[in-house]
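Student: Dropping in model-v5.cif, which is mmCIF, C-alpha atoms; chains and numbers go by the auth columns:
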```cif
data_coords
loop_
_atom_site.group_PDB
_atom_site.id
_atom_site.type_symbol
_atom_site.label_atom_id
_atom_site.label_comp_id
_atom_site.label_asym_id
_atom_site.label_seq_id
_atom_site.Cartn_x
_atom_site.Cartn_y
_atom_site.Cartn_z
_atom_site.B_iso_or_equiv
_atom_site.auth_seq_id
_atom_site.auth_asym_id
ATOM 1 C CA MET A 1 -39.743 -36.901 7.103 0.00 840 A
ATOM 2 C CA GLN A 2 -36.773 -39.242 6.918 0.00 841 A
ATOM 3 C CA ILE A 3 -33.266 -37.931 7.429 0.00 842 A
ATOM 4 C CA THR A 4 -30.299 -40.084 6.429 0.00 843 A
ATOM 5 C CA ASN A 5 -26.825 -39.896 7.879 0.00 844 A
ATOM 6 C CA GLY A 6 -24.671 -42.709 6.556 0.00 845 A
ATOM 7 C CA LYS A 7 -25.998 -45.911 8.123 0.00 846 A
ATOM 8 C CA TRP A 8 -28.521 -44.115 10.351 0.00 847 A
ATOM 9 C CA ILE A 9 -32.001 -43.298 9.047 0.00 848 A
ATOM 10 C CA PHE A 10 -33.936 -40.984 11.350 0.00 849 A
ATOM 11 C CA ASP A 11 -37.674 -40.354 11.249 0.00 850 A
ATOM 12 C CA SER A 12 -38.454 -36.841 12.437 0.00 851 A
ATOM 13 C CA GLU A 13 -41.709 -37.882 14.125 0.00 852 A
ATOM 14 C CA VAL A 14 -39.973 -40.617 16.123 0.00 853 A
ATOM 15 C CA ILE A 15 -37.114 -38.281 17.056 0.00 854 A
ATOM 16 C CA ASP A 16 -39.533 -35.648 18.366 0.00 855 A
ATOM 17 C CA GLU A 17 -41.513 -38.243 20.298 0.00 856 A
ATOM 18 C CA VAL A 18 -38.441 -39.786 21.930 0.00 857 A
ATOM 19 C CA ALA A 19 -36.769 -36.423 22.608 0.00 858 A
ATOM 20 C CA ASN A 20 -39.818 -35.317 24.608 0.00 859 A
ATOM 21 C CA LYS A 21 -39.820 -38.450 26.778 0.00 860 A
ATOM 22 C CA ILE A 22 -38.352 -38.237 30.263 0.00 861 A
ATOM 23 C CA GLN A 23 -37.553 -41.949 30.566 0.00 862 A
ATOM 24 C CA ARG A 24 -35.822 -43.539 27.558 0.00 863 A
ATOM 25 C CA ASP A 25 -34.514 -47.023 27.064 0.00 864 A
ATOM 26 C CA GLU A 26 -30.943 -47.581 25.873 0.00 865 A
ATOM 27 C CA GLN A 27 -31.807 -47.825 22.176 0.00 866 A
ATOM 28 C CA GLU A 28 -33.888 -44.632 22.237 0.00 867 A
ATOM 29 C CA ARG A 29 -31.140 -42.794 24.083 0.00 868 A
ATOM 30 C CA GLU A 30 -28.551 -43.928 21.541 0.00 869 A
ATOM 31 C CA MET A 31 -30.777 -42.855 18.647 0.00 870 A
ATOM 32 C CA VAL A 32 -31.435 -39.391 20.078 0.00 871 A
ATOM 33 C CA ASN A 33 -27.751 -38.893 20.902 0.00 872 A
ATOM 34 C CA ALA A 34 -26.722 -39.929 17.382 0.00 873 A
ATOM 35 C CA PHE A 35 -29.239 -37.534 15.860 0.00 874 A
ATOM 36 C CA ALA A 36 -28.175 -34.727 18.203 0.00 875 A
ATOM 37 C CA ARG A 37 -24.551 -35.156 17.070 0.00 876 A
ATOM 38 C CA TYR A 38 -25.630 -35.168 13.422 0.00 877 A
ATOM 39 C CA ALA A 39 -27.933 -32.161 13.904 0.00 878 A
ATOM 40 C CA TYR A 40 -25.217 -30.141 15.630 0.00 879 A
ATOM 41 C CA LEU A 41 -22.718 -30.900 12.865 0.00 880 A
ATOM 42 C CA ARG A 42 -25.229 -29.887 10.204 0.00 881 A
ATOM 43 C CA TYR A 43 -26.246 -26.801 12.191 0.00 882 A
ATOM 44 C CA LYS A 44 -22.639 -25.596 12.293 0.00 883 A
ATOM 45 C CA GLN A 45 -22.380 -26.084 8.526 0.00 884 A
ATOM 46 C CA ILE A 46 -25.658 -24.235 7.953 0.00 885 A
ATOM 47 C CA ARG A 47 -24.645 -21.426 10.302 0.00 886 A
ATOM 48 C CA ASP A 48 -21.286 -21.000 8.606 0.00 887 A
ATOM 49 C CA SER A 49 -22.820 -20.943 5.134 0.00 888 A
ATOM 50 C CA VAL A 50 -25.373 -18.184 5.906 0.00 889 A
ATOM 51 C CA ASN A 51 -23.015 -16.099 8.023 0.00 890 A
ATOM 52 C CA PRO A 52 -22.105 -12.896 6.143 0.00 891 A
ATOM 53 C CA ARG A 53 -19.313 -12.101 8.630 0.00 892 A
ATOM 54 C CA LYS A 54 -17.052 -15.133 8.854 0.00 893 A
ATOM 55 C CA CYS A 55 -15.057 -13.725 11.767 0.00 894 A
ATOM 56 C CA ARG A 56 -18.069 -13.759 14.137 0.00 895 A
ATOM 57 C CA TYR A 57 -20.384 -16.567 15.170 0.00 896 A
ATOM 58 C CA MET A 58 -24.099 -16.090 14.723 0.00 897 A
ATOM 59 C CA ARG A 59 -26.704 -16.805 17.339 0.00 898 A
ATOM 60 C CA ILE A 60 -29.387 -19.324 16.442 0.00 899 A
ATOM 61 C CA ASP A 61 -32.069 -16.655 16.080 0.00 900 A
ATOM 62 C CA GLN A 62 -29.872 -14.854 13.550 0.00 901 A
ATOM 63 C CA VAL A 63 -29.437 -18.098 11.603 0.00 902 A
ATOM 64 C CA ARG A 64 -33.205 -18.613 11.534 0.00 903 A
ATOM 65 C CA GLU A 65 -33.649 -15.032 10.331 0.00 904 A
ATOM 66 C CA GLN A 66 -31.165 -15.603 7.487 0.00 905 A
ATOM 67 C CA LEU A 67 -32.971 -18.794 6.466 0.00 906 A
ATOM 68 C CA LYS A 68 -36.236 -16.907 5.991 0.00 907 A
ATOM 69 C CA SER A 69 -34.802 -15.804 2.659 0.00 908 A
ATOM 70 C CA PRO A 70 -35.832 -18.427 0.062 0.00 909 A
ATOM 71 C CA ALA A 71 -32.627 -17.840 -1.904 0.00 910 A
ATOM 72 C CA LYS A 72 -30.384 -18.581 1.084 0.00 911 A
ATOM 73 C CA LEU A 73 -32.457 -21.606 2.042 0.00 912 A
ATOM 74 C CA ARG A 74 -32.081 -22.978 -1.502 0.00 913 A
ATOM 75 C CA ILE A 75 -28.330 -22.335 -1.468 0.00 914 A
ATOM 76 C CA VAL A 76 -27.883 -24.165 1.842 0.00 915 A
ATOM 77 C CA SER A 77 -30.075 -27.020 0.670 0.00 916 A
ATOM 78 C CA SER A 78 -28.147 -27.532 -2.548 0.00 917 A
ATOM 79 C CA ARG A 79 -24.740 -27.066 -0.912 0.00 918 A
ATOM 80 C CA PHE A 80 -25.287 -29.922 1.541 0.00 919 A
ATOM 81 C CA SER A 81 -27.602 -32.045 -0.659 0.00 920 A
ATOM 82 C CA ILE A 82 -30.440 -32.044 1.842 0.00 921 A
ATOM 83 C CA SER A 83 -34.002 -30.821 1.415 0.00 922 A
ATOM 84 C CA GLU A 84 -35.164 -27.406 2.547 0.00 923 A
ATOM 85 C CA GLU A 85 -37.477 -29.117 5.066 0.00 924 A
ATOM 86 C CA GLU A 86 -34.484 -30.891 6.595 0.00 925 A
ATOM 87 C CA VAL A 87 -32.582 -27.614 6.952 0.00 926 A
ATOM 88 C CA VAL A 88 -35.473 -25.999 8.806 0.00 927 A
ATOM 89 C CA TYR A 89 -36.078 -29.114 10.929 0.00 928 A
ATOM 90 C CA ILE A 90 -32.414 -29.342 11.960 0.00 929 A
ATOM 91 C CA VAL A 91 -32.261 -25.689 12.999 0.00 930 A
ATOM 92 C CA ASP A 92 -35.527 -26.035 14.930 0.00 931 A
ATOM 93 C CA PHE A 93 -34.324 -29.243 16.629 0.00 932 A
ATOM 94 C CA VAL A 94 -31.080 -27.580 17.692 0.00 933 A
ATOM 95 C CA LYS A 95 -32.926 -24.573 19.107 0.00 934 A
ATOM 96 C CA LYS A 96 -35.438 -26.728 20.974 0.00 935 A
ATOM 97 C CA TYR A 97 -33.287 -29.559 22.367 0.00 936 A
ATOM 98 C CA LEU A 98 -29.624 -28.561 22.369 0.00 937 A
ATOM 99 C CA LYS A 99 -29.396 -26.135 25.254 0.00 938 A
ATOM 100 C CA TYR A 100 -25.675 -25.414 24.761 0.00 939 A
ATOM 101 C CA VAL A 101 -26.377 -23.656 21.436 0.00 940 A
ATOM 102 C CA LYS A 102 -27.155 -19.996 21.955 0.00 941 A
#
```
Represent the structure from my file as structure tokens, please.
Tutor:
Amino acid sequence: MQITNGKWIFDSEVIDEVANKIQRDEQEREMVNAFARYAYLRYKQIRDSVNPRKCRYMRIDQVREQLKSPAKLRIVSSRFSISEEEVVYIVDFVKKYLKYVK
């Protein structure tokens, strides 16, 4: 799956492969860092759009639970003009690789 963020075009298979590597060259590191920034920004938008209580932050497991509803997944997808696959991939990437997200 290809994910586009302005001038960057990310391939999910390449991102997963590089993110799992221990040793990365400079270009790979830059690519993963750029995608991590993009994924975190999108995750915050997704989290805020499915949160029924705006005064409290949701944990990532709660966000994933909310996205199990097809209606909410469609709403998030249309709100940010990204596919439903991308929404699920971004949330999964954040849970797996961004350790500072709880």
Student: If you count all atoms listed in the file, which residues fall within 8 Å of Val889 (chain A), apart from same-chain ones fewer than 5 positions away, as JSON, numbers by chain?
Tutor: {"A": [902, 905, 906, 911, 915]}
Student: Leaving out Tyr896 (chain A) and any residue of its chain fewer than 4 positions from it, which residues lie within 9 Å of it when counting all atoms listed in the file, given as an NGL selection string?
Tutor: :A and (886-887 or 890 or 892)
Student: Skipping near chain neighbours, those fewer than 4 positions away, what residues fall within 12 Å of Val853 (chain A) using only C-alpha atoms, listed as a list in words?
Tutor: Met840, Gln841, Ile842, Ile848, Phe849, Val857, Ala858, Asn859, Lys860, Glu867, Met870, Val871 and Phe874 of chain A
Student: Counting all atoms listed in the file, what is within 9 Å of Val926 (chain A), bar same-chain residues fewer than 2 positions away, as a compact mmCIF listing (two decimals) with C-alpha atoms, in the frame of the given file?
Tutor:
```txt
# COMPACT_ATOMS: atom_id res chain seq x y z
CA ARG A 881 -25.23 -29.89 10.20
CA TYR A 882 -26.25 -26.80 12.19
CA ILE A 885 -25.66 -24.24 7.95
CA LEU A 906 -32.97 -18.79 6.47
CA LEU A 912 -32.46 -21.61 2.04
CA VAL A 915 -27.88 -24.16 1.84
CA SER A 916 -30.08 -27.02 0.67
CA ILE A 921 -30.44 -32.04 1.84
CA SER A 922 -34.00 -30.82 1.42
CA GLU A 923 -35.16 -27.41 2.55
CA GLU A 924 -37.48 -29.12 5.07
CA TYR A 928 -36.08 -29.11 10.93
CA ILE A 929 -32.41 -29.34 11.96
CA VAL A 930 -32.26 -25.69 13.00
CA ASP A 931 -35.53 -26.04 14.93
```
Student: Kindly give the distance, in Å, that separates CA of Thr843 (chain A) and CA of Val940 (chain A), rounded to a single decimal.
Tutor: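 Straight-line distance from CA of Thr843 (chain A) to CA of Val940 (chain A) works out to 22.6 Å.
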Student: Distance CA of Leu937 (chain A)-CA of Ile914 (chain A), one decimal place?
Tutor: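 So the answer is 24.7 Å.
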Student: Please, what distance in Å, to one decimal, runs between CA of Ile854 (chain A) and CA of Ser888 (chain A)?
Tutor: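 These two atoms are separated by 25.4 Å.
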Student: Have a look at A:Tyr877, A:Gln884, A:Lys846, A:Glu852 and name the one nearest to Arg918 (chain A); count all atoms listed in the file.
Tutor: A:Gln884
Student: With 6 Å added on each side, what axis-aligned box encloses every listed atom of region 889-893 of chain A? Give the centre and edge lengths in Å to one decimal, as AutoDock Vina command-line options.
Tutor:
```
--center_x -21.2 --center_y -15.1 --center_z 7.4 --size_x 20.3 --size_y 18.1 --size_z 14.9
```
Student: Calculated over only C-alpha atoms, which of the candidates A:Glu856, A:Ser908, A:Lys941, A:Phe932 has the smallest distance to Arg868 (chain A)?
Tutor: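 Once distances to Arg868 (chain A) are computed over only C-alpha atoms, the minimum belongs to A:Glu856.
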